[in-house]
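entry.cif (mmCIF, C-alpha atoms)
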```
data_my_file
loop_
_atom_site.label_atom_id
_atom_site.label_comp_id
_atom_site.auth_asym_id
_atom_site.auth_seq_id
_atom_site.Cartn_x
_atom_site.Cartn_y
_atom_site.Cartn_z
CA MET A 1 -58.86 128.42 133.17
CA SER A 2 -55.07 128.17 132.87
CA ARG A 3 -53.34 125.03 131.64
CA MET A 4 -51.71 124.63 135.05
CA ALA A 5 -55.10 124.66 136.76
CA ARG A 6 -56.56 122.16 134.28
CA TRP A 7 -53.57 119.86 134.73
CA LEU A 8 -53.87 120.00 138.51
CA MET A 9 -57.60 119.28 138.42
CA LEU A 10 -57.21 116.32 136.04
CA SER A 11 -54.36 114.90 138.07
CA ALA A 12 -56.35 115.21 141.27
CA LEU A 13 -59.26 113.21 139.89
CA LEU A 14 -56.86 110.34 139.20
CA LEU A 15 -54.88 110.65 142.42
CA CYS A 16 -57.56 110.90 145.09
CA TRP A 17 -57.47 107.21 146.03
CA PRO A 18 -55.76 106.38 149.38
CA VAL A 19 -51.97 106.60 149.21
CA VAL A 20 -50.00 103.55 150.35
CA GLN A 21 -46.47 104.44 151.39
CA ALA A 22 -43.86 102.72 149.23
CA GLN A 23 -40.43 101.72 150.48
CA GLN A 24 -37.86 104.25 149.34
CA PRO A 25 -35.19 102.72 147.06
CA PRO A 26 -31.74 102.79 148.70
CA GLU A 27 -30.24 104.87 145.87
CA LEU A 28 -32.55 107.76 146.74
CA ALA A 29 -31.18 108.08 150.28
CA GLN A 30 -28.25 110.26 149.18
CA ILE A 31 -30.54 112.61 147.26
CA SER A 32 -32.94 112.82 150.21
CA ALA A 33 -30.06 113.73 152.52
CA GLN A 34 -28.95 116.50 150.14
CA LEU A 35 -32.34 118.10 149.69
CA LYS A 36 -33.21 121.08 151.84
CA ALA A 37 -36.68 121.01 153.38
CA PRO A 38 -37.66 124.51 154.52
CA ALA A 39 -41.13 125.16 155.89
CA VAL A 40 -41.47 128.03 153.40
CA LEU A 41 -39.95 128.02 149.91
CA ARG A 42 -40.00 130.97 147.53
CA GLY A 43 -38.80 131.17 143.97
CA GLU A 44 -39.38 132.00 140.34
CA PHE A 45 -40.52 129.73 137.54
CA THR A 46 -40.47 129.61 133.77
CA GLN A 47 -42.79 127.19 132.03
CA SER A 48 -42.64 125.97 128.44
CA LYS A 49 -45.37 123.75 127.00
CA LEU A 50 -44.85 122.12 123.63
CA ILE A 51 -48.12 120.92 122.12
CA SER A 52 -47.85 117.97 119.77
CA GLY A 53 -48.07 119.13 116.15
CA PHE A 54 -46.92 122.70 116.89
CA THR A 55 -43.41 124.06 116.44
CA ASN A 56 -43.33 126.90 118.96
CA PRO A 57 -43.91 126.21 122.65
CA LEU A 58 -46.24 128.24 124.86
CA ARG A 59 -44.20 130.10 127.48
CA SER A 60 -45.08 131.65 130.80
CA SER A 61 -43.18 132.85 133.84
CA GLY A 62 -43.77 134.14 137.32
CA ARG A 63 -43.26 133.46 141.02
CA PHE A 64 -44.34 130.82 143.48
CA LEU A 65 -44.60 130.48 147.23
CA LEU A 66 -44.83 127.10 148.96
CA ALA A 67 -45.83 126.96 152.62
CA ARG A 68 -46.01 123.41 153.93
CA GLU A 69 -48.70 124.24 156.48
CA ARG A 70 -50.86 126.23 154.08
CA GLY A 71 -50.34 125.41 150.40
CA VAL A 72 -48.93 126.88 147.19
CA LEU A 73 -49.31 130.25 145.48
CA TRP A 74 -48.56 130.05 141.74
CA GLU A 75 -48.42 133.59 140.34
CA THR A 76 -48.06 133.91 136.57
CA VAL A 77 -46.66 137.31 135.50
CA GLN A 78 -46.10 136.75 131.77
CA PRO A 79 -47.77 136.61 129.31
CA PHE A 80 -51.00 137.21 131.28
CA PRO A 81 -51.08 137.96 135.02
CA SER A 82 -53.03 135.44 137.09
CA THR A 83 -52.68 133.52 140.34
CA ILE A 84 -53.58 130.00 141.38
CA VAL A 85 -54.01 129.48 145.12
CA LEU A 86 -53.91 125.89 146.36
CA SER A 87 -54.69 124.98 149.96
CA GLN A 88 -56.14 121.98 151.74
CA GLN A 89 -59.53 123.69 151.56
CA GLN A 90 -59.72 124.79 147.95
CA LEU A 91 -58.14 125.42 144.58
CA LEU A 92 -58.94 128.84 143.21
CA SER A 93 -57.80 131.16 140.44
CA ARG A 94 -57.47 134.91 140.80
CA SER A 95 -57.21 137.16 137.75
CA ASP A 96 -55.32 140.44 137.56
CA ASP A 97 -58.55 142.44 137.92
CA GLY A 98 -59.27 140.78 141.26
CA HIS A 99 -61.89 138.31 140.02
CA THR A 100 -61.73 135.04 141.97
CA GLN A 101 -63.07 131.67 140.89
CA VAL A 102 -63.13 128.59 143.12
CA LEU A 103 -62.17 125.65 140.90
CA ILE A 104 -62.43 122.91 143.53
CA SER A 105 -63.65 123.17 147.12
CA ALA A 106 -63.14 120.63 149.88
CA ALA A 107 -66.80 121.12 150.73
CA ASP A 108 -67.84 119.16 147.65
CA SER A 109 -64.71 117.24 146.63
CA SER A 110 -61.79 115.37 148.20
CA ALA A 111 -59.61 116.35 145.23
CA THR A 112 -58.08 119.40 146.91
CA GLY A 113 -56.10 117.19 149.26
CA ALA A 114 -54.85 115.11 146.32
CA ILE A 115 -53.79 118.20 144.36
CA HIS A 116 -52.07 119.59 147.43
CA ALA A 117 -50.18 116.34 148.02
CA LEU A 118 -49.14 115.93 144.37
CA LEU A 119 -47.84 119.46 143.82
CA MET A 120 -46.05 119.52 147.17
CA ALA A 121 -44.44 116.15 146.40
CA LEU A 122 -43.18 117.30 142.99
CA ILE A 123 -41.75 120.61 144.18
CA ILE A 124 -40.00 119.22 147.27
CA ALA A 125 -39.25 115.71 145.89
CA ASP A 126 -41.19 113.78 148.53
CA PHE A 127 -40.07 110.29 147.51
CA ASP A 128 -42.40 108.50 149.92
CA GLN A 129 -45.40 110.24 148.37
CA LEU A 130 -44.19 109.93 144.78
CA GLY A 131 -43.02 106.35 145.24
CA ALA A 132 -46.58 105.27 145.94
CA GLN A 133 -47.66 106.33 142.44
CA PHE A 134 -44.47 106.17 140.34
CA GLN A 135 -41.51 103.93 139.72
CA ILE A 136 -38.48 106.13 140.44
CA GLN A 137 -35.13 105.60 138.73
CA PRO A 138 -31.96 107.78 138.79
CA ILE A 139 -30.82 108.96 135.35
CA ALA A 140 -27.71 110.76 134.08
CA ALA A 141 -27.43 114.41 135.11
CA GLU A 142 -25.01 117.16 134.03
CA ARG A 143 -24.96 118.39 137.62
CA GLY A 144 -26.70 117.48 140.84
CA TRP A 145 -29.18 114.64 140.38
CA ALA A 146 -31.98 113.64 138.01
CA LEU A 147 -34.79 111.11 138.29
CA GLN A 148 -37.20 109.45 135.89
CA LEU A 149 -40.69 108.82 137.30
CA THR A 150 -42.85 106.30 135.46
CA PRO A 151 -46.51 106.03 136.53
CA THR A 152 -47.42 102.57 137.78
CA ASP A 153 -51.21 102.84 137.63
CA ALA A 154 -53.27 102.55 134.44
CA LEU A 155 -55.38 105.63 135.28
CA LEU A 156 -52.34 107.75 136.08
CA GLN A 157 -50.75 106.65 132.80
CA GLN A 158 -53.58 108.47 131.03
CA VAL A 159 -52.22 111.75 132.44
CA PHE A 160 -48.44 111.19 132.28
CA SER A 161 -46.24 108.94 130.19
CA ALA A 162 -43.22 110.08 132.24
CA VAL A 163 -42.08 112.74 134.71
CA GLN A 164 -38.51 113.89 135.26
CA LEU A 165 -37.21 115.74 138.30
CA ALA A 166 -33.76 117.33 138.50
CA GLY A 167 -31.95 119.56 140.94
CA ALA A 168 -29.36 119.84 143.68
CA ASP A 169 -30.30 121.28 147.10
CA TYR A 170 -33.81 121.87 145.74
CA VAL A 171 -35.86 120.58 142.83
CA GLU A 172 -34.86 122.87 139.96
CA ARG A 173 -36.75 121.32 137.05
CA VAL A 174 -39.93 119.33 136.51
CA GLN A 175 -40.56 117.86 133.05
CA LEU A 176 -43.94 116.33 132.25
CA ALA A 177 -44.56 114.12 129.23
CA GLU A 178 -48.16 113.30 128.30
CA PRO A 179 -49.40 110.29 126.29
CA ASN A 180 -50.64 112.58 123.49
CA GLY A 181 -47.11 113.89 122.89
CA ASP A 182 -47.48 117.20 124.74
CA GLN A 183 -44.52 118.16 126.95
CA THR A 184 -44.25 120.67 129.77
CA ASP A 185 -40.94 121.90 131.18
CA ILE A 186 -40.99 123.92 134.43
CA ALA A 187 -37.69 125.42 135.61
CA PHE A 188 -37.31 126.94 139.09
CA ALA A 189 -34.80 129.65 140.00
CA GLN A 190 -33.93 132.03 142.85
CA LEU A 191 -35.03 129.38 145.34
CA SER A 192 -34.85 130.38 148.99
CA GLY A 193 -36.14 129.20 152.35
CA GLU A 194 -35.81 132.71 153.78
CA PRO A 195 -37.60 134.41 155.33
CA ALA A 196 -38.76 131.28 157.14
CA GLN A 197 -42.09 132.80 158.19
CA LEU A 198 -44.94 134.11 156.06
CA SER A 199 -45.73 137.79 156.26
CA ALA A 200 -49.23 138.89 157.22
CA GLU A 201 -49.85 139.79 153.57
CA GLU A 202 -48.78 136.32 152.42
CA VAL A 203 -50.98 134.61 155.01
CA ALA A 204 -53.94 136.64 153.74
CA LEU A 205 -53.40 135.36 150.20
CA PHE A 206 -54.20 131.82 151.37
CA GLU A 207 -57.46 132.87 153.04
#
```

What does this structure look like when you write it as structure tokens?
Amino acid sequence: MSRMARWLMLSALLLCWPVVQAQQPPELAQISAQLKAPAVLRGEFTQSKLISGFTNPLRSSGRFLLARERGVLWETVQPFPSTIVLSQQQLLSRSDDGHTQVLISAADSSATGAIHALLMALIIADFDQLGAQFQIQPIAAERGWALQLTPTDALLQQVFSAVQLAGADYVERVQLAEPNGDQTDIAFAQLSGEPAQLSAEEVALFE
């Protein structure tokens, strides 16, 4: 199982309690107004994970597709091809040889909804969703905007010590710091809300 899938599963177990909407801090209003919110978002990602005690980070790259009504496709191209498909119904992994493994199913767990909500909130900067689980503070940015998210719940603090989001019209970077010293940096590029509709082939990937 990929590190991304393990991280999503662990996060879901700690985030599947009911979400209480938090009041959005006034300073986030300007960022919210700037952010684009397409129904479909496509882009590329590069991910670097630095494990505490090691010098060289683990790197991967690929493409992603976010469809608000369906879920997220996370397709790793390098170093090993694989795909994670996240929907409201299930979280599954698909290897390059076509083998599919259901990691979590809504039939036996409520965690899929929590994973779906968390990943969507991070990629599109849903401050209402994130504000229910994190304290959000603006921080200095070279361009655009940047935010520091500090978990407010003791269980969630076991997964993250801090999260940073940065971007302009879209979220362009997500940085995850873990209590054990591990750090993950995900950078997004070539972000586009066009075409606004999924193709028949893309729809099939969620099914």

Can you pull out the residues contacting Gln183 (chain A)? Cut-off 6 Å, using only C-alpha atoms, and skip same-chain residues under 2 positions away; I want them as number ranges by chain.
A: 49-50, 176-177

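Using all atoms listed in the file, the smallest distance between any of A:Glu142, A:Asp153, A:Gln148, A:Ile123 and Ala37 (chain A) comes from A:Ile123.
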
Matched chain/residue IDs from the PyMOL selection byres ((chain A and resi 139) around 10), as a tab-separated table (two decimals) with C-alpha atoms, in the coordinates of the input:
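This is the output file result.tsv:
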```
chain	number	residue	atom	x	y	z
A	136	ILE	CA	-38.48	106.13	140.44
A	137	GLN	CA	-35.13	105.60	138.73
A	138	PRO	CA	-31.96	107.78	138.79
A	140	ALA	CA	-27.71	110.76	134.08
A	141	ALA	CA	-27.43	114.41	135.11
A	145	TRP	CA	-29.18	114.64	140.38
A	146	ALA	CA	-31.98	113.64	138.01
A	147	LEU	CA	-34.79	111.11	138.29
A	148	GLN	CA	-37.20	109.45	135.89
A	164	GLN	CA	-38.51	113.89	135.26
A	165	LEU	CA	-37.21	115.74	138.30
A	166	ALA	CA	-33.76	117.33	138.50
```

Contacts of Pro151 (chain A) at 8 Å (all atoms listed in the file; same-chain gap of 6+ positions) as a ChimeraX atom specification:
/A:133-135,157,160-162

Which distance in Å separates CA of Arg68 (chain A) and CA of Val102 (chain A), to one decimal?
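Answer for the CA of Arg68 (chain A) to CA of Val102 (chain A) separation: 20.9 Å.
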
Distance CA of Ala132 (chain A)-CA of Val174 (chain A), one decimal place?
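Going from CA of Ala132 (chain A) over to CA of Val174 (chain A) covers 18.2 Å.
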
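Taking CA of Arg63 (chain A) as the reference point, CA of Asp128 (chain A) is found at 26.5 Å.
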